[in-house]
Number of protein chains: 2
Amino acid sequence: MTSSDRPLPTKDRLIQAAARLFRRYGYNGVGLNDILEAAKAPKGSLYHHFPNGKTDLAIAAATWASDGMLRTMAASFENADSFEAGFATLCHKLAKLFELSGQSDGCPVSGALFDGPENEDFRKTTDHIFEGWISEAEHYAIRFGDNPDDARRKAELLFMLIEGGWTMARAKRSSDVLRHLPEKLAAL
Amino acid sequence: MTSSDRPLPTKDRLIQAAARLFRRYGYNGVGLNDILEAAKAPKGSLYHHFPNGKTDLAIAAATWASDGMLRTMAASFENADSFEAGFATLCHKLAKLFELSGQSDGCPVSGALFDGPENEDFRKTTDHIFEGWISEAEHYAIRFGDNPDDARRKAELLFMLIEGGWTMARAKRSSDVLRHLPEKLAAL
DNA sequence: ACATCACTAGACCAATCGGTCCAGACCTGT
DNA sequence: ACAGGTCTGGACCGATTGGTCTAGTGATGT
């Protein structure tokens, strides 16, 4: 039923198992053996599909997770009639996903890459992925009539609130942090 | 000159070296030998001062770093004449500190503890420390005349924006993300 | 039937991990 | 001078780490 069943090709099983584990335990908190066991793959397969080993796999996992996030964003803003409504829907979806993870999974990209070594490739990939999320949100804001400057600011605000929300939700083990995120802006 | 000179007692040297390294590389990204070398202390001293080893040291390091953050917050809001002004000063101070770290140090508490194992002690400590920051900000908001509900919301907003700002600043290697954080709120 | 190639399987490796242990150095009070 | 504690120094340990290597399997095209 879930997306990690056996029929998936080995490479995809590796990517998804890695994404799930990195997200929860961080890059350095996950050993190759953990990933291999979760993906039911031998070590030889890993190094066949990812010649550079763990680092390649982490980048693939973060990229795969980012695609999921972009789809969630698109689904949230698709039928929204304002930026704020889309943001609220997104927060509810993220809260639901957070619950399904056992209230413990934060940003999949930070988990897979930040935690990693002082690695410039990792940093660039992270920046690129985050920029993708922000510019996606920026487009939504523009579509709803914001001028470019305001749109960019709103998009960055959305990004930072979600990242901070993930952090706080993990610490509190509460999906409500994410769910009630939009209302926080009302205090201004 | 810096606070990590030799005259400091061994225990303090261990705490500060650990805090610095955990913040940059994460809990699992730092080995005991790294800390020992940075603190110029032998292994025996570490396990004398912290019988439970790495976990104890991480909690002590996060707590020490949290005290610094609380002092920075107090210094920012002390002479401010509004919550927004205090927030802006805080962001500038954090941006400066981020620059001094070589544009790579994020939240010291997430680095030391989140990254750690699925450890309930770590999670509780993180929650406790974060709650300390938020309630501190909440007091400032109340002092400037906000009603309790708005104050709490503002404080949580401040916290999440700073956490998200740290994440984005690391990805972009730019302290401007933190520095210009307050202006982002103007887009609403 | 055979060759080819993509892929799997896992034994194996040096390096590093967090942690234990104990001998001795250094203080203190008597 | 001696005793008792605190603290230091580092050798040592089993487990685990990411990574290498080679033998073998299975599908495909000819």
# chains A, B, ... in the order shown; residues from 1 in each chain; ligands from 1
>>> residues_around(residues="Thr167 of chain B", least_positions_apart="3", cutoff="12 Å", atoms="only C-alpha atoms (C1' of nucleotides)", output="VMD selection string")
(chain A and resid 107 109 to 111 113 to 115 123 126 to 127 130 156 159 to 167) or (chain B and resid 24 98 103 to 108 110 to 111 160 to 164 170 to 175 177 to 178)
>>> write_last_selection(atoms="C-alpha atoms", output="PDB file, in the first residue's frame")
ATOM      1  CA  CYS A 107      12.713  19.289   6.773  1.00  0.00           C
ATOM      2  CA  VAL A 109      16.539  18.556   2.884  1.00  0.00           C
ATOM      3  CA  SER A 110      18.175  19.908   6.028  1.00  0.00           C
ATOM      4  CA  GLY A 111      18.180  16.416   7.464  1.00  0.00           C
ATOM      5  CA  LEU A 113      22.386  17.539   3.631  1.00  0.00           C
ATOM      6  CA  PHE A 114      23.005  20.082   6.352  1.00  0.00           C
ATOM      7  CA  ASP A 115      23.959  17.536   8.831  1.00  0.00           C
ATOM      8  CA  ARG A 123      25.398  23.392   0.523  1.00  0.00           C
ATOM      9  CA  THR A 126      20.464  22.688  -0.464  1.00  0.00           C
ATOM     10  CA  ASP A 127      20.476  26.277  -1.650  1.00  0.00           C
ATOM     11  CA  PHE A 130      15.326  25.850  -1.185  1.00  0.00           C
ATOM     12  CA  GLU A 156      10.741  33.952   1.837  1.00  0.00           C
ATOM     13  CA  PHE A 159       9.772  29.377   3.646  1.00  0.00           C
ATOM     14  CA  MET A 160      11.270  30.535   6.914  1.00  0.00           C
ATOM     15  CA  LEU A 161       8.057  30.019   8.839  1.00  0.00           C
ATOM     16  CA  ILE A 162       7.770  26.472   7.580  1.00  0.00           C
ATOM     17  CA  GLU A 163      11.388  25.690   8.395  1.00  0.00           C
ATOM     18  CA  GLY A 164      11.042  27.231  11.840  1.00  0.00           C
ATOM     19  CA  GLY A 165       7.707  25.500  12.242  1.00  0.00           C
ATOM     20  CA  TRP A 166       9.283  22.119  11.492  1.00  0.00           C
ATOM     21  CA  THR A 167      11.947  22.777  14.107  1.00  0.00           C
TER      22      THR A 167
ATOM     23  CA  ARG B  24      28.604  23.523  13.011  1.00  0.00           C
ATOM     24  CA  PHE B  98      26.695  34.448  12.023  1.00  0.00           C
ATOM     25  CA  GLN B 103      28.675  32.052   7.745  1.00  0.00           C
ATOM     26  CA  SER B 104      28.022  28.503   8.772  1.00  0.00           C
ATOM     27  CA  ASP B 105      26.665  28.222  12.310  1.00  0.00           C
ATOM     28  CA  GLY B 106      22.948  27.712  12.757  1.00  0.00           C
ATOM     29  CA  CYS B 107      20.923  27.176  15.894  1.00  0.00           C
ATOM     30  CA  PRO B 108      23.249  25.846  18.590  1.00  0.00           C
ATOM     31  CA  SER B 110      19.251  22.047  17.141  1.00  0.00           C
ATOM     32  CA  GLY B 111      22.826  21.268  16.213  1.00  0.00           C
ATOM     33  CA  MET B 160      10.210  30.453  14.099  1.00  0.00           C
ATOM     34  CA  LEU B 161      11.498  33.255  11.921  1.00  0.00           C
ATOM     35  CA  ILE B 162      14.886  33.115  13.591  1.00  0.00           C
ATOM     36  CA  GLU B 163      15.080  29.334  13.305  1.00  0.00           C
ATOM     37  CA  GLY B 164      14.017  29.483   9.669  1.00  0.00           C
ATOM     38  CA  ARG B 170      23.332  28.627   6.198  1.00  0.00           C
ATOM     39  CA  ALA B 171      22.058  27.460   2.825  1.00  0.00           C
ATOM     40  CA  LYS B 172      22.797  30.821   1.224  1.00  0.00           C
ATOM     41  CA  ARG B 173      25.890  31.517   3.303  1.00  0.00           C
ATOM     42  CA  SER B 174      24.555  34.995   3.758  1.00  0.00           C
ATOM     43  CA  SER B 175      24.125  36.897   6.989  1.00  0.00           C
ATOM     44  CA  VAL B 177      19.034  36.745   5.485  1.00  0.00           C
ATOM     45  CA  LEU B 178      19.062  37.308   9.236  1.00  0.00           C
TER      46      LEU B 178
END
>>> interface_residues(of="chain A", to="chain D", cutoff="8 Å", atoms="only C-alpha atoms (C1' of nucleotides)", output="VMD selection string")
chain A and resid 31 to 32 53 to 54
>>> closest_residue(among="B:Gly44, B:Ala169, B:Ala151, B:Ile15", to="DA23 of chain C", atoms="only C-alpha atoms (C1' of nucleotides)")
B:Gly44
>>> atom_distance(atom1="atom CA of Ala85 of chain A", atom2="atom CA of Arg143 of chain A")
13.3 Å
>>> closest_atom_pairs(of="chain C", to="chain B", cutoff="12 Å", atoms="only C-alpha atoms (C1' of nucleotides)", output="tab-separated table")
residue	atom	partner	partner_atom	distance
C:DT16	C1'	B:Gly31	CA	8.7
C:DC17	C1'	B:Gly31	CA	7.3
C:DG18	C1'	B:Leu32	CA	7.3
C:DG19	C1'	B:Gly53	CA	7.9
C:DT20	C1'	B:Tyr47	CA	9.7
C:DC21	C1'	B:Gly44	CA	9.4
C:DC22	C1'	B:Gly44	CA	10.3
C:DA23	C1'	B:Gly44	CA	12.0
>>> select_by_dssp(residues="segment 68-139 of chain A", states="helix (DSSP H, G or I)", output="CSV table (one decimal) with C-alpha atoms, in the first residue's frame")
chain,number,residue,atom,x,y,z
A,68,GLY,CA,7.3,15.7,-3.1
A,69,MET,CA,7.3,19.1,-1.3
A,70,LEU,CA,6.8,20.9,-4.6
A,71,ARG,CA,3.9,18.7,-5.4
A,72,THR,CA,2.4,19.4,-2.0
A,73,MET,CA,2.8,23.1,-2.6
A,74,ALA,CA,1.2,22.9,-6.0
A,75,ALA,CA,-1.7,20.9,-4.6
A,76,SER,CA,-2.2,23.5,-1.9
A,77,PHE,CA,-2.3,26.5,-4.1
A,78,GLU,CA,-4.1,25.0,-7.0
A,83,PHE,CA,-2.0,33.4,-1.2
A,84,GLU,CA,-3.0,33.2,2.4
A,85,ALA,CA,-5.5,30.4,1.8
A,86,GLY,CA,-2.9,28.4,-0.1
A,87,PHE,CA,-0.5,28.9,2.7
A,88,ALA,CA,-3.0,27.7,5.2
A,89,THR,CA,-3.8,24.6,3.2
A,90,LEU,CA,-0.1,23.9,2.8
A,91,CYS,CA,0.4,24.1,6.6
A,92,HIS,CA,-2.5,21.7,7.2
A,93,LYS,CA,-1.1,19.2,4.7
A,94,LEU,CA,2.4,19.5,6.3
A,95,ALA,CA,0.9,19.0,9.7
A,96,LYS,CA,-0.9,15.9,8.6
A,97,LEU,CA,2.3,14.5,7.1
A,98,PHE,CA,4.1,15.4,10.3
A,99,GLU,CA,1.6,13.4,12.2
A,100,LEU,CA,2.0,10.4,9.9
A,108,PRO,CA,13.9,16.4,4.5
A,109,VAL,CA,16.5,18.6,2.9
A,110,SER,CA,18.2,19.9,6.0
A,111,GLY,CA,18.2,16.4,7.5
A,112,ALA,CA,19.9,14.8,4.5
A,113,LEU,CA,22.4,17.5,3.6
A,114,PHE,CA,23.0,20.1,6.4
A,120,GLU,CA,30.2,22.7,-0.6
A,121,ASP,CA,28.3,20.4,-3.0
A,122,PHE,CA,25.8,19.7,-0.2
A,123,ARG,CA,25.4,23.4,0.5
A,124,LYS,CA,24.9,24.3,-3.1
A,125,THR,CA,22.3,21.6,-3.6
A,126,THR,CA,20.5,22.7,-0.5
A,127,ASP,CA,20.5,26.3,-1.7
A,128,HIS,CA,19.2,25.2,-5.1
A,129,ILE,CA,16.4,23.2,-3.6
A,130,PHE,CA,15.3,25.9,-1.2
A,131,GLU,CA,15.4,28.4,-3.9
A,132,GLY,CA,13.1,26.2,-5.9
A,133,TRP,CA,10.6,26.2,-3.1
A,134,ILE,CA,10.8,29.9,-2.6
A,135,SER,CA,10.4,30.8,-6.3
A,136,GLU,CA,7.5,28.4,-6.5
A,137,ALA,CA,5.8,30.3,-3.7
A,138,GLU,CA,6.8,33.6,-5.3
A,139,HIS,CA,4.9,32.6,-8.5
>>> atom_distance(atom1="atom CA of Ala61 of chain B", atom2="atom CA of Gly26 of chain B")
12.0 Å
>>> closest_residue(among="B:Ser45, B:Ala141, B:Asn28, B:Leu36", to="chain A", atoms="only C-alpha atoms")
B:Asn28
>>> atom_distance(atom1="atom CA of Asp149 of chain B", atom2="atom CA of Ala187 of chain A")
8.3 Å
>>> closest_residue(among="A:Asp150, A:Asp56, A:Asp176, A:Asp12", to="chain B", atoms="only C-alpha atoms")
A:Asp150
>>> closest_residue(among="A:Ala62, A:Leu185, A:Ile35, A:Leu14", to="chain B", atoms="only C-alpha atoms")
A:Leu185
>>> closest_residue(among="B:Asn147, B:Thr63, B:Gln16, B:Thr55", to="chain A", atoms="only C-alpha atoms")
B:Asn147
>>> closest_residue(among="A:Ala18, A:Arg23, A:Leu46, A:Leu188", to="DC7 of chain C", atoms="only C-alpha atoms (C1' of nucleotides)")
A:Leu46
